[in-house]
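Everything below belongs to target_35.txt, which stores compact mmCIF, C-alpha atoms and all ligand atoms.
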```txt
# COMPACT_ATOMS: atom_id res chain seq x y z
CA MET A 20 -12.53 -9.47 -18.18
CA VAL A 21 -15.32 -11.49 -16.58
CA LEU A 22 -13.51 -14.69 -17.56
CA PHE A 23 -10.36 -13.46 -15.83
CA ILE A 24 -12.16 -12.67 -12.58
CA PHE A 25 -13.90 -16.04 -12.76
CA SER A 26 -10.54 -17.82 -13.25
CA LEU A 27 -9.08 -15.94 -10.30
CA LEU A 28 -11.99 -16.93 -8.06
CA PHE A 29 -11.79 -20.50 -9.29
CA PHE A 30 -8.09 -20.80 -8.54
CA GLN A 31 -8.52 -19.19 -5.13
CA GLY A 32 -11.41 -21.56 -4.47
CA CYS A 33 -9.15 -24.51 -5.26
CA SER A 34 -6.48 -23.25 -2.90
CA ILE A 35 -8.95 -22.81 -0.04
CA PHE A 36 -10.61 -26.19 -0.41
CA GLY A 37 -7.44 -28.08 -1.29
CA GLY A 38 -8.21 -29.12 -4.87
CA ASN A 39 -11.30 -30.21 -6.76
CA LYS A 40 -12.51 -33.03 -4.51
CA GLU A 41 -15.87 -33.36 -6.28
CA ASN A 42 -14.15 -34.59 -9.38
CA PRO A 43 -11.43 -37.09 -8.44
CA ARG A 44 -10.58 -37.79 -12.08
CA SER A 45 -9.55 -34.20 -12.79
CA SER A 46 -7.70 -33.93 -9.48
CA LYS A 47 -5.73 -37.12 -10.30
CA LYS A 48 -4.71 -35.76 -13.68
CA LYS A 49 -3.87 -32.36 -12.14
CA LEU A 50 -5.21 -30.59 -15.21
CA VAL A 51 -5.69 -27.36 -13.30
CA PRO A 52 -2.51 -26.11 -11.63
CA GLU A 53 -3.01 -24.46 -8.28
CA VAL A 54 -2.22 -20.77 -8.57
CA HIS A 55 -2.01 -18.54 -5.52
CA TYR A 56 -2.00 -14.76 -5.49
CA CYS A 57 -1.02 -12.26 -2.83
CA PRO A 58 -4.34 -10.72 -1.75
CA ILE A 59 -2.69 -7.31 -1.28
CA CYS A 60 -0.37 -6.77 -4.26
CA GLY A 61 -1.67 -9.51 -6.60
CA ARG A 62 1.72 -11.16 -7.19
CA VAL A 63 1.76 -14.87 -8.02
CA VAL A 64 3.09 -16.62 -4.92
CA ASP A 65 4.06 -20.23 -4.26
CA GLN A 66 1.69 -20.88 -1.36
CA ASP A 67 -1.76 -20.01 -0.06
CA LEU A 68 -1.44 -16.88 2.13
CA THR A 69 -4.89 -17.22 3.75
CA GLY A 70 -3.48 -17.93 7.23
CA LYS A 71 -0.57 -15.48 7.05
CA ARG A 72 -1.17 -12.22 8.89
CA PRO A 73 -0.19 -9.01 7.03
CA VAL A 74 2.14 -6.65 8.87
CA ALA A 75 1.73 -2.85 8.67
CA VAL A 76 4.73 -0.77 9.73
CA LYS A 77 4.85 2.97 10.48
CA ILE A 78 8.01 4.42 8.91
CA GLY A 79 9.36 7.96 9.20
CA ASN A 80 10.06 10.21 6.21
CA ASP A 81 11.57 13.41 7.54
CA PRO A 82 15.03 14.11 6.03
CA ALA A 83 16.81 12.50 9.03
CA ALA A 84 14.76 9.29 8.55
CA ARG A 85 16.05 8.80 5.00
CA PRO A 86 17.21 6.57 3.50
CA GLN A 87 14.70 4.07 4.89
CA SER A 88 14.90 0.28 4.87
CA GLY A 89 12.32 -2.24 3.70
CA LEU A 90 10.03 -0.05 1.56
CA GLU A 91 10.83 -1.95 -1.64
CA ASP A 92 9.64 -5.26 -0.12
CA ALA A 93 6.22 -3.88 0.85
CA CYS A 94 3.10 -4.96 -1.11
CA LEU A 95 1.51 -1.56 -0.50
CA VAL A 96 2.77 1.72 0.93
CA TYR A 97 0.54 4.59 2.03
CA GLU A 98 2.12 8.05 2.20
CA GLU A 99 0.26 10.31 4.61
CA LEU A 100 0.69 13.88 5.79
CA THR A 101 1.59 14.52 9.43
CA GLU A 102 2.55 17.70 11.31
CA GLY A 103 4.41 20.55 9.60
CA GLY A 104 3.85 19.15 6.08
CA ILE A 105 6.14 16.14 6.67
CA THR A 106 4.86 12.75 5.50
CA ARG A 107 5.13 9.29 7.02
CA PHE A 108 4.61 5.86 5.50
CA LEU A 109 2.40 2.96 6.46
CA ALA A 110 3.90 -0.05 4.67
CA PHE A 111 1.97 -3.34 4.34
CA TYR A 112 3.86 -6.63 4.03
CA LEU A 113 2.49 -10.06 3.16
CA CYS A 114 4.03 -11.98 0.25
CA GLN A 115 7.63 -10.83 0.78
CA GLU A 116 9.58 -10.79 4.03
CA ALA A 117 11.56 -7.70 5.00
CA ASP A 118 14.46 -7.35 7.43
CA PRO A 119 15.28 -4.68 8.46
CA ILE A 120 12.33 -2.26 8.24
CA GLY A 121 12.63 1.27 9.57
CA PRO A 122 13.12 3.74 11.05
CA ILE A 123 9.88 3.05 12.95
CA ARG A 124 7.92 6.07 14.19
CA SER A 125 4.65 6.79 16.00
CA ALA A 126 1.13 6.10 14.70
CA ARG A 127 -1.57 8.58 13.65
CA PRO A 128 -5.40 8.29 13.80
CA VAL A 129 -5.75 7.56 10.06
CA ASP A 130 -3.57 4.43 10.46
CA ILE A 131 -6.44 2.69 12.26
CA GLU A 132 -8.79 3.21 9.30
CA LEU A 133 -6.12 2.04 6.85
CA VAL A 134 -5.02 -1.05 8.79
CA TYR A 135 -8.48 -2.32 9.68
CA PRO A 136 -9.64 -3.94 6.39
CA PHE A 137 -6.28 -5.73 5.99
CA ARG A 138 -6.54 -7.03 9.57
CA ALA A 139 -2.79 -6.43 9.77
CA ALA A 140 -0.60 -6.36 12.87
CA LEU A 141 0.41 -2.72 13.37
CA ALA A 142 4.07 -2.01 14.18
CA HIS A 143 4.74 1.49 15.53
CA CYS A 144 6.61 3.33 18.25
CA GLY A 145 3.96 4.82 20.50
CA ALA A 146 1.54 7.63 19.58
CA GLY A 147 -0.17 10.55 21.32
CA ALA A 148 -2.26 9.41 24.31
CA PRO A 149 -5.64 9.86 22.51
CA VAL A 150 -4.35 7.90 19.50
CA LEU A 151 -3.06 5.05 21.69
CA GLU A 152 -6.49 4.82 23.27
CA MET A 153 -8.13 4.76 19.82
CA ILE A 154 -5.80 1.94 18.73
CA ARG A 155 -6.45 -0.03 21.92
CA ASN A 156 -10.23 0.32 21.53
CA SER A 157 -10.11 -0.62 17.83
CA GLY A 158 -9.20 -4.28 18.40
CA ILE A 159 -6.26 -4.05 15.96
CA ALA A 160 -3.37 -6.48 16.58
CA ASP A 161 -1.29 -3.69 18.08
CA ILE A 162 2.45 -4.37 18.38
CA ASP A 163 3.50 -1.04 19.86
CA GLU A 164 7.23 -0.88 20.64
CA LEU A 165 6.43 0.51 24.07
CA GLN A 166 4.48 -2.70 24.86
CA PHE A 167 6.58 -5.21 22.90
CA PRO A 168 10.20 -3.93 22.95
CA ASP A 169 11.57 -7.40 22.08
CA ALA A 170 10.01 -7.14 18.61
CA TYR A 171 12.34 -4.20 17.80
CA TRP A 172 15.96 -3.19 17.99
CA ARG A 173 17.93 0.05 17.85
CA THR A 174 20.99 0.49 15.65
CA ARG A 175 24.08 2.34 16.84
CA ASP A 176 24.89 3.99 13.52
CA ARG A 177 21.90 6.35 13.67
CA ARG A 178 20.61 8.65 16.37
CA ALA A 179 17.27 8.19 18.15
CA PRO A 180 14.48 8.52 17.17
CA GLN A 181 15.67 7.49 13.68
CA ASN A 182 17.28 4.22 14.75
CA LEU A 183 14.39 1.89 15.63
CA TYR A 184 13.96 -1.14 13.35
CA THR A 185 12.00 -4.37 13.12
CA SER A 186 11.32 -7.22 10.68
CA THR A 187 8.17 -8.85 9.32
CA GLU A 188 9.14 -12.08 11.13
CA LYS A 189 9.48 -10.41 14.55
CA ILE A 190 6.14 -8.57 14.25
CA ARG A 191 4.25 -11.60 12.89
CA ASN A 192 5.65 -13.91 15.59
CA THR A 193 4.80 -11.44 18.36
CA ALA A 194 1.27 -10.93 16.97
CA GLY A 195 0.81 -14.72 16.72
CA LYS A 196 1.55 -15.14 20.44
CA ARG A 197 -0.61 -12.26 21.63
CA TYR A 198 -3.59 -12.20 19.27
CA SER A 199 -6.07 -14.80 18.00
CA ARG A 200 -5.34 -16.81 14.86
CA TYR A 201 -5.52 -14.89 11.61
CA GLU A 202 -7.41 -16.06 8.52
CA ASN A 203 -8.38 -13.90 5.55
CA SER A 204 -8.31 -14.47 1.81
CA GLU A 205 -10.17 -11.35 0.72
CA SER A 206 -8.39 -9.51 -2.07
CA ALA A 207 -7.79 -5.79 -1.54
CA PHE A 208 -7.79 -4.88 -5.24
CA ASP A 209 -8.79 -6.23 -8.67
CA PHE A 210 -5.83 -6.85 -10.95
CA LEU A 211 -5.18 -6.52 -14.68
CA SER A 212 -4.51 -9.52 -16.91
CA SER A 213 -1.46 -9.24 -19.19
CA LYS A 214 -3.88 -8.78 -22.12
CA GLU A 215 -5.56 -5.86 -20.35
CA GLU A 216 -2.13 -4.34 -19.59
CA LYS A 217 -1.28 -4.48 -23.31
CA GLN A 218 -4.57 -2.75 -24.16
CA ILE A 219 -3.68 0.12 -21.79
CA GLU A 220 -0.20 0.39 -23.31
CA GLU A 221 -1.65 0.48 -26.85
CA GLU A 222 -4.18 3.14 -25.84
CA ARG A 223 -1.41 5.18 -24.20
CA LYS A 224 0.71 4.95 -27.37
CA ARG A 225 -2.18 6.19 -29.51
CA LYS A 226 -2.81 9.06 -27.07
CA GLN A 227 0.89 10.04 -27.02
CA ALA A 228 0.96 10.02 -30.83
CA GLY A 229 -1.83 12.60 -30.80
CA GLY A 230 -4.75 10.23 -31.35
CA SER A 231 -7.99 12.12 -30.92
CA GLU A 232 -10.11 9.11 -29.98
CA GLU A 233 -12.23 9.31 -26.85
CA SER A 234 -10.33 7.69 -24.06
CA GLU A 235 -10.33 7.95 -20.28
CA ILE A 236 -6.54 7.54 -20.31
CA VAL A 237 -4.17 10.48 -19.85
CA VAL A 238 -0.47 10.00 -20.71
CA ALA A 239 1.56 10.27 -17.49
CA ASN A 240 5.33 10.34 -17.92
CA THR A 241 5.79 12.34 -14.71
CA ILE A 242 3.58 12.75 -11.63
CA ASP A 243 4.35 15.63 -9.26
CA ILE A 244 2.79 15.64 -5.81
CA PRO A 245 3.03 18.99 -4.00
CA PHE A 246 3.96 17.92 -0.47
CA SER A 247 6.32 20.35 1.27
CA GLN A 248 9.06 17.85 0.39
CA PRO A 249 7.87 17.39 -3.21
CA VAL A 250 7.36 13.84 -4.46
CA ARG A 251 7.84 12.91 -8.10
CA TYR A 252 7.29 9.64 -9.96
CA VAL A 253 8.88 9.22 -13.39
CA TYR A 254 7.71 6.45 -15.75
CA GLU A 255 10.43 4.20 -17.10
CA PRO A 256 9.07 2.43 -20.21
CA ALA A 257 11.80 -0.24 -20.25
CA SER A 258 10.87 -1.54 -16.79
CA ARG A 259 7.18 -0.52 -17.04
CA PHE A 260 7.17 1.06 -13.58
CA PHE A 261 7.50 4.49 -11.96
CA LEU A 262 10.70 5.55 -10.17
CA ARG A 263 10.25 7.64 -7.03
CA PHE A 264 11.99 10.96 -6.31
CA ILE A 265 11.81 13.14 -3.19
CA SER A 266 12.90 16.77 -2.87
CA GLY A 267 14.38 16.57 -6.37
CA LYS A 268 16.54 13.51 -5.72
CA PRO A 269 16.06 9.78 -6.34
CA HIS A 270 14.47 8.20 -3.26
CA ILE A 271 17.00 5.52 -2.41
CA GLU A 272 16.60 2.53 -0.14
CA ARG A 273 19.23 1.95 2.54
CA GLY A 274 21.26 -1.21 2.09
CA SER A 275 20.43 -2.03 -1.53
CA GLU A 276 21.04 1.63 -2.52
CA LYS A 277 18.39 1.06 -5.20
CA GLN A 278 15.81 3.66 -6.19
CA ILE A 279 12.32 2.94 -4.87
CA HIS A 280 9.77 2.02 -7.57
CA ALA A 281 6.00 1.61 -7.90
CA ASP A 282 4.10 -0.52 -10.41
CA THR A 283 0.92 1.37 -9.53
CA VAL A 284 0.67 4.84 -7.96
CA ILE A 285 -2.70 6.02 -6.68
CA VAL A 286 -3.34 9.62 -5.66
CA GLN A 287 -6.32 9.66 -3.29
CA TYR A 288 -7.64 13.12 -2.43
CA VAL A 289 -8.74 13.27 1.22
CA THR A 290 -10.15 15.95 3.48
CA GLU A 291 -7.77 17.47 6.01
CA ALA A 292 -9.05 18.84 9.33
CA THR A 293 -7.48 19.82 12.62
CA SER A 294 -7.54 16.90 15.05
CA GLY A 295 -6.77 18.76 18.28
CA ILE A 296 -4.01 16.19 18.83
CA ARG A 297 -0.66 17.96 19.10
CA ASP A 298 2.90 16.71 18.68
CA VAL A 299 5.75 17.55 21.10
CA TYR A 300 6.31 20.88 19.32
CA GLY A 301 2.64 21.88 19.69
CA SER A 302 1.78 21.38 15.98
CA ASP A 303 -1.68 20.01 15.27
CA SER A 304 -1.75 16.52 13.75
CA PRO A 305 -3.92 16.72 10.60
CA ALA A 306 -7.00 14.48 10.65
CA LEU A 307 -7.10 12.86 7.20
CA GLY A 308 -10.51 11.68 6.00
CA ALA A 309 -9.88 8.18 4.64
CA ILE A 310 -13.53 7.12 5.14
CA GLY A 311 -16.12 8.51 2.74
CA SER A 312 -15.54 9.27 -0.92
CA GLY A 313 -13.61 11.63 -3.19
CA ASP A 314 -11.53 12.03 -6.32
CA ALA A 315 -8.57 9.81 -7.18
CA GLU A 316 -6.05 9.19 -9.94
CA VAL A 317 -4.71 5.73 -10.74
CA PHE A 318 -1.33 5.65 -12.52
CA MET A 319 0.14 2.57 -14.19
CA LEU A 320 2.04 1.77 -17.38
CA GLY A 321 2.68 5.48 -17.94
CA ALA A 322 -1.04 6.21 -18.04
CA CYS A 323 -3.44 7.94 -15.67
CA MET A 324 -7.08 7.11 -15.09
CA ARG A 325 -9.07 9.76 -13.26
CA CYS A 326 -11.60 8.12 -11.01
CA SER A 327 -13.30 8.26 -7.63
CA TRP A 328 -12.70 6.43 -4.35
CA GLU A 329 -15.14 5.04 -1.80
CA LYS A 330 -14.68 3.56 1.66
CA SER A 331 -17.92 3.20 3.56
CA SER A 332 -16.51 2.27 6.97
CA ARG A 333 -13.25 1.36 8.67
CA TYR A 334 -14.04 -2.32 8.02
CA ASP A 335 -14.10 -1.89 4.21
CA HIS A 336 -11.30 -1.67 1.71
CA THR A 337 -11.03 1.53 -0.35
CA HIS A 338 -12.57 1.02 -3.80
CA PHE A 339 -11.31 2.96 -6.82
CA LEU A 340 -14.13 3.31 -9.34
CA ASP A 341 -14.35 4.46 -12.97
CA SER A 342 -17.13 6.69 -14.35
CA ASN A 343 -19.41 3.61 -14.70
CA GLY A 344 -18.89 2.69 -11.05
CA GLU A 345 -16.69 -0.31 -12.02
CA GLU A 346 -13.66 -1.19 -9.90
CA ILE A 347 -10.44 -0.05 -11.61
CA LYS A 348 -8.05 -2.95 -12.05
CA ILE A 349 -4.42 -2.25 -11.20
CA ARG A 350 -1.04 -3.85 -11.99
CA ARG A 351 0.27 -6.73 -9.96
CA GLY A 352 3.31 -5.49 -8.02
CA ASN A 353 4.34 -2.63 -5.71
CA ILE A 354 1.45 -0.25 -4.97
CA TRP A 355 1.91 3.27 -3.55
CA ILE A 356 -1.12 5.25 -2.40
CA GLU A 357 -0.59 8.97 -1.82
CA LEU A 358 -3.14 10.52 0.55
CA VAL A 359 -3.15 14.09 -0.76
CA PRO A 360 -5.29 16.84 0.86
CA VAL A 361 -8.14 18.04 -1.39
CA SER A 362 -6.66 21.55 -1.32
CA LYS A 363 -3.75 20.30 -3.45
CA ARG A 364 -3.58 18.67 -6.92
CA SER A 365 -1.03 16.45 -8.56
CA ASN A 366 0.63 17.74 -11.72
CA ILE A 367 0.70 15.22 -14.58
CA SER A 368 2.99 15.69 -17.57
ZN ZN A 401 2.10 -8.97 -1.86
```
Mind converting the file's structure to structure tokens?
Amino acid sequence: MVLFIFSLLFFQGCSIFGGNKENPRSSKKKLVPEVHYCPICGRVVDQDLTGKRPVAVKIGNDPAARPQSGLEDACLVYEELTEGGITRFLAFYLCQEADPIGPIRSARPVDIELVYPFRAALAHCGAGAPVLEMIRNSGIADIDELQFPDAYWRTRDRRAPQNLYTSTEKIRNTAGKRYSRYENSESAFDFLSSKEEKQIEEERKRKQAGGSEESEIVVANTIDIPFSQPVRYVYEPASRFFLRFISGKPHIERGSEKQIHADTVIVQYVTEATSGIRDVYGSDSPALGAIGSGDAEVFMLGACMRCSWEKSSRYDHTHFLDSNGEEIKIRRGNIWIELVPVSKRSNIS
């Protein structure tokens, strides 16, 4: 485990400093291949992403917003509760480009806390006046459609407000012109080696077969999340990922018509308070507590690990910790984080 982390740091070190210059003999022989990883989703990528700014896009999820575009290309997607029990997504893009992405909707206060540690450019279509002021004061690379309409377009085959789209290229280019140069190589998560993945799969098999050994793993073939439009993830052993369902139906992506999948699903239990910020219908926008600590569940390879989460300030990434306080390593690939109010619980079967 330690060796793996060391190798990761070593390879990243090579990529930052452009090879092992202190030892010209080894650099000539190219004994150590340069390996780059996406600092958000952990995928192996063909170039150093240190200078590439992540893009975070606010996407609607009410029934009229579905099917959405671009969710499958995201490194990480947060699902967060808004007014009236409806959720919205905040999708982070770095190692894969996406075009189109949408429909784009308005931002919420919690987006600022989520975007900050990634130092991502935030793509959204407006927000309530207090939220816009919070975004402006935060120093985030804010690419609001109301300020930068050229970074977006509206389609004619859907009705407003469900017809606003953008692409990672448009947002990144606009952010590059307006905001200072981006540089960040900090990894958001720790990732499993293939050997560690196999160990989890073996442990899961033993648990499923009725093994009575002490293990922190719980078999998770199905995860049910009790939003008012219920979300379900079903593990598919052949592909080793979870398929996403919403309101009892496969959650399909527009264009590819493929079902959305997640290599890792994290349920993060957060406090929910009234914010005093109301939408156009007068409903209060829930204030989700993404800073602090709480319970969490990490799902991967058909297994669940119950754990805790910690985020000490808006500047820090959220850490998912086991009972020994060690960072839980996750799978490389698509990550979905469900911000679920503490009053609710997922159902694992
Ligand atoms: Zn990525």
With distances taken over all atoms listed in the file, which of A:Ile296, A:Val250, A:Val134, A:Met319 is nearest to Ala146 of chain A?
->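 So, comparing all the options, the nearest one is A:Ile296.
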Find the residues near ligand ZN 401 (chain A). Use a cut-off of 6 Å, count only C-alpha atoms and all ligand atoms, and write them as JSON, numbers by chain.
-> {"A": [57, 59, 60, 62, 94, 113, 114]}
Given the choices A:Trp355, A:Phe318, A:Tyr112, A:Tyr254, which gets closest to Val96 of chain A if the distance is worked out from only C-alpha atoms?
-> A:Trp355
Residue nearest Ala117 of chain A among A:Val253, A:Ala75, A:Ile154, A:Cys326 (counting only C-alpha atoms) =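 When distances to Ala117 of chain A are compared using only C-alpha atoms, the smallest one comes from A:Ala75.
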Which residues, protein or nucleic acid, reach to within 10 Å of (1.7, 15.8, 8.1) in the file's coordinates when using only C-alpha atoms, and can you give that as a PDB file with C-alpha atoms, keeping the file's coordinate frame?
```pdb
ATOM      1  CA  GLU A  98       2.120   8.050   2.200  1.00  0.00           C
ATOM      2  CA  GLU A  99       0.260  10.310   4.610  1.00  0.00           C
ATOM      3  CA  LEU A 100       0.690  13.880   5.790  1.00  0.00           C
ATOM      4  CA  THR A 101       1.590  14.520   9.430  1.00  0.00           C
ATOM      5  CA  GLU A 102       2.550  17.700  11.310  1.00  0.00           C
ATOM      6  CA  GLY A 103       4.410  20.550   9.600  1.00  0.00           C
ATOM      7  CA  GLY A 104       3.850  19.150   6.080  1.00  0.00           C
ATOM      8  CA  ILE A 105       6.140  16.140   6.670  1.00  0.00           C
ATOM      9  CA  THR A 106       4.860  12.750   5.500  1.00  0.00           C
ATOM     10  CA  ARG A 107       5.130   9.290   7.020  1.00  0.00           C
ATOM     11  CA  ARG A 127      -1.570   8.580  13.650  1.00  0.00           C
ATOM     12  CA  PHE A 246       3.960  17.920  -0.470  1.00  0.00           C
ATOM     13  CA  SER A 247       6.320  20.350   1.270  1.00  0.00           C
ATOM     14  CA  GLU A 291      -7.770  17.470   6.010  1.00  0.00           C
ATOM     15  CA  SER A 302       1.780  21.380  15.980  1.00  0.00           C
ATOM     16  CA  ASP A 303      -1.680  20.010  15.270  1.00  0.00           C
ATOM     17  CA  SER A 304      -1.750  16.520  13.750  1.00  0.00           C
ATOM     18  CA  PRO A 305      -3.920  16.720  10.600  1.00  0.00           C
ATOM     19  CA  ALA A 306      -7.000  14.480  10.650  1.00  0.00           C
ATOM     20  CA  LEU A 307      -7.100  12.860   7.200  1.00  0.00           C
TER      21      LEU A 307
END
```
For Glu221 of chain A, please output as a list in words all residues within 12 Å (counting all atoms listed in the file; exclusion window: fewer than 2 positions along the same chain).
-> Lys214, Glu215, Glu216, Lys217, Gln218, Ile219, Arg223, Lys224, Arg225, Lys226, Gln227, Ala228, Gly230, Ser234, Ile236, Val238, Leu320, Gly321 and Ala322 of chain A
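Using only C-alpha atoms for every distance, the candidate list A:Asp130, A:Trp172, A:Ser206, A:Glu276 yields A:Ser206 as the residue closest to Thr69 of chain A.
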Shortest interatomic distance to Arg200 of chain A - which of A:Arg138, A:Thr283, A:Asn240, A:Tyr288, counting only C-alpha atoms =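 Among the listed residues, the smallest separation from Arg200 of chain A belongs to A:Arg138.
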What is the atom CA of Phe137 of chain A to atom CA of His336 of chain A distance in Å?
->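 The value is 7.7 Å.
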Quick one: residues within 8 Å of Arg191 of chain A, all atoms listed in the file counted, chain neighbours fewer than 2 positions away excluded, as a VMD selection string?
-> chain A and resid 72 to 74 140 187 to 189 193 to 195
Contact residues around segment 120-122 of chain A with all atoms listed in the file at 9 Å, ignoring same-chain residues under 2 positions, as a PyMOL selection string | chain A and resi 76-80+84-85+87-90+117-118+124+180-187
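Among the candidate residues A:Arg333, A:Arg351, A:Lys363, A:Arg325, the one lying nearest to Val129 of chain A is A:Arg333, with distances computed using all atoms listed in the file.
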Distance query Glu316 of chain A at most 12 Å, only C-alpha atoms, self and fewer than 6 positions along chain excluded, as a ChimeraX atom specification | /A:235-237,239,242,244,283-288,322-328,339-341,347,349,355-359,364-367
Coordinates-based distance that separates atom CA of Ala309 of chain A from atom CA of Ser157 of chain A (Å, one decimal) |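 About the pair atom CA of Ser157 of chain A and atom CA of Ala309 of chain A: they are 15.9 Å apart.
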d(atom CA of Glu53 of chain A, atom CA of Gln115 of chain A) in Å =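 Separation of atom CA of Glu53 of chain A and atom CA of Gln115 of chain A: 19.5 Å.
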Spatial neighbours of segment 63-68 of chain A, max dist 9 Å, all atoms listed in the file, sep filter under 2 positions, as a PDB file with C-alpha atoms, in the coordinates of the input:
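File selection33.pdb, as written:
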```pdb
ATOM      1  CA  GLN A  31      -8.520 -19.190  -5.130  1.00  0.00           C
ATOM      2  CA  SER A  34      -6.480 -23.250  -2.900  1.00  0.00           C
ATOM      3  CA  ILE A  35      -8.950 -22.810  -0.040  1.00  0.00           C
ATOM      4  CA  VAL A  54      -2.220 -20.770  -8.570  1.00  0.00           C
ATOM      5  CA  HIS A  55      -2.010 -18.540  -5.520  1.00  0.00           C
ATOM      6  CA  TYR A  56      -2.000 -14.760  -5.490  1.00  0.00           C
ATOM      7  CA  CYS A  57      -1.020 -12.260  -2.830  1.00  0.00           C
ATOM      8  CA  PRO A  58      -4.340 -10.720  -1.750  1.00  0.00           C
ATOM      9  CA  GLY A  61      -1.670  -9.510  -6.600  1.00  0.00           C
ATOM     10  CA  GLY A  70      -3.480 -17.930   7.230  1.00  0.00           C
ATOM     11  CA  LYS A  71      -0.570 -15.480   7.050  1.00  0.00           C
ATOM     12  CA  ARG A  72      -1.170 -12.220   8.890  1.00  0.00           C
ATOM     13  CA  LEU A 113       2.490 -10.060   3.160  1.00  0.00           C
ATOM     14  CA  CYS A 114       4.030 -11.980   0.250  1.00  0.00           C
ATOM     15  CA  GLU A 202      -7.410 -16.060   8.520  1.00  0.00           C
ATOM     16  CA  ASN A 203      -8.380 -13.900   5.550  1.00  0.00           C
ATOM     17  CA  SER A 204      -8.310 -14.470   1.810  1.00  0.00           C
ATOM     18  CA  ARG A 351       0.270  -6.730  -9.960  1.00  0.00           C
TER      19      ARG A 351
END
```
Hey, can I get the axis-aligned box for segment 320-333 of chain A? All listed atoms, 4 Å padding on each side, centre and edge lengths in Å to one decimal, as AutoDock Vina command-line options.
```
--center_x -7.6 --center_y 5.6 --center_z -4.7 --size_x 28.6 --size_y 16.4 --size_z 34.7
```
Could you add the missing atoms to segment 73-85 of chain A, up to N, CA and C atoms, and return them as a PDB file, in the frame of the given file?
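File produced: result30.pdb:
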```pdb
ATOM      1  N   PRO A  73      -0.971 -10.135   7.558  1.00  0.00           N
ATOM      2  CA  PRO A  73      -0.190  -9.010   7.030  1.00  0.00           C
ATOM      3  C   PRO A  73       0.395  -8.178   8.190  1.00  0.00           C
ATOM      4  N   VAL A  74       1.485  -7.517   7.888  1.00  0.00           N
ATOM      5  CA  VAL A  74       2.140  -6.650   8.870  1.00  0.00           C
ATOM      6  C   VAL A  74       2.144  -5.242   8.300  1.00  0.00           C
ATOM      7  N   ALA A  75       1.720  -4.263   9.103  1.00  0.00           N
ATOM      8  CA  ALA A  75       1.730  -2.850   8.670  1.00  0.00           C
ATOM      9  C   ALA A  75       2.718  -2.100   9.560  1.00  0.00           C
ATOM     10  N   VAL A  76       3.663  -1.401   8.953  1.00  0.00           N
ATOM     11  CA  VAL A  76       4.730  -0.770   9.730  1.00  0.00           C
ATOM     12  C   VAL A  76       4.748   0.735   9.479  1.00  0.00           C
ATOM     13  N   LYS A  77       4.815   1.500  10.569  1.00  0.00           N
ATOM     14  CA  LYS A  77       4.850   2.970  10.480  1.00  0.00           C
ATOM     15  C   LYS A  77       6.305   3.430  10.352  1.00  0.00           C
ATOM     16  N   ILE A  78       6.617   4.061   9.237  1.00  0.00           N
ATOM     17  CA  ILE A  78       8.010   4.420   8.910  1.00  0.00           C
ATOM     18  C   ILE A  78       8.109   5.931   8.726  1.00  0.00           C
ATOM     19  N   GLY A  79       9.154   6.522   9.289  1.00  0.00           N
ATOM     20  CA  GLY A  79       9.360   7.960   9.200  1.00  0.00           C
ATOM     21  C   GLY A  79       9.818   8.394   7.817  1.00  0.00           C
ATOM     22  N   ASN A  80       9.587   9.694   7.500  1.00  0.00           N
ATOM     23  CA  ASN A  80      10.060  10.210   6.210  1.00  0.00           C
ATOM     24  C   ASN A  80      10.543  11.650   6.310  1.00  0.00           C
ATOM     25  N   ASP A  81      10.929  12.098   7.518  1.00  0.00           N
ATOM     26  CA  ASP A  81      11.570  13.410   7.540  1.00  0.00           C
ATOM     27  C   ASP A  81      13.016  13.210   7.050  1.00  0.00           C
ATOM     28  N   PRO A  82      13.712  14.294   6.669  1.00  0.00           N
ATOM     29  CA  PRO A  82      15.030  14.110   6.030  1.00  0.00           C
ATOM     30  C   PRO A  82      15.965  13.217   6.854  1.00  0.00           C
ATOM     31  N   ALA A  83      15.901  13.306   8.201  1.00  0.00           N
ATOM     32  CA  ALA A  83      16.810  12.500   9.030  1.00  0.00           C
ATOM     33  C   ALA A  83      16.431  11.010   9.016  1.00  0.00           C
ATOM     34  N   ALA A  84      15.199  10.700   8.598  1.00  0.00           N
ATOM     35  CA  ALA A  84      14.760   9.290   8.550  1.00  0.00           C
ATOM     36  C   ALA A  84      15.241   8.598   7.276  1.00  0.00           C
ATOM     37  N   ARG A  85      15.623   9.374   6.279  1.00  0.00           N
ATOM     38  CA  ARG A  85      16.050   8.800   5.000  1.00  0.00           C
ATOM     39  C   ARG A  85      17.544   8.545   4.976  1.00  0.00           C
TER      40      ARG A  85
END
```
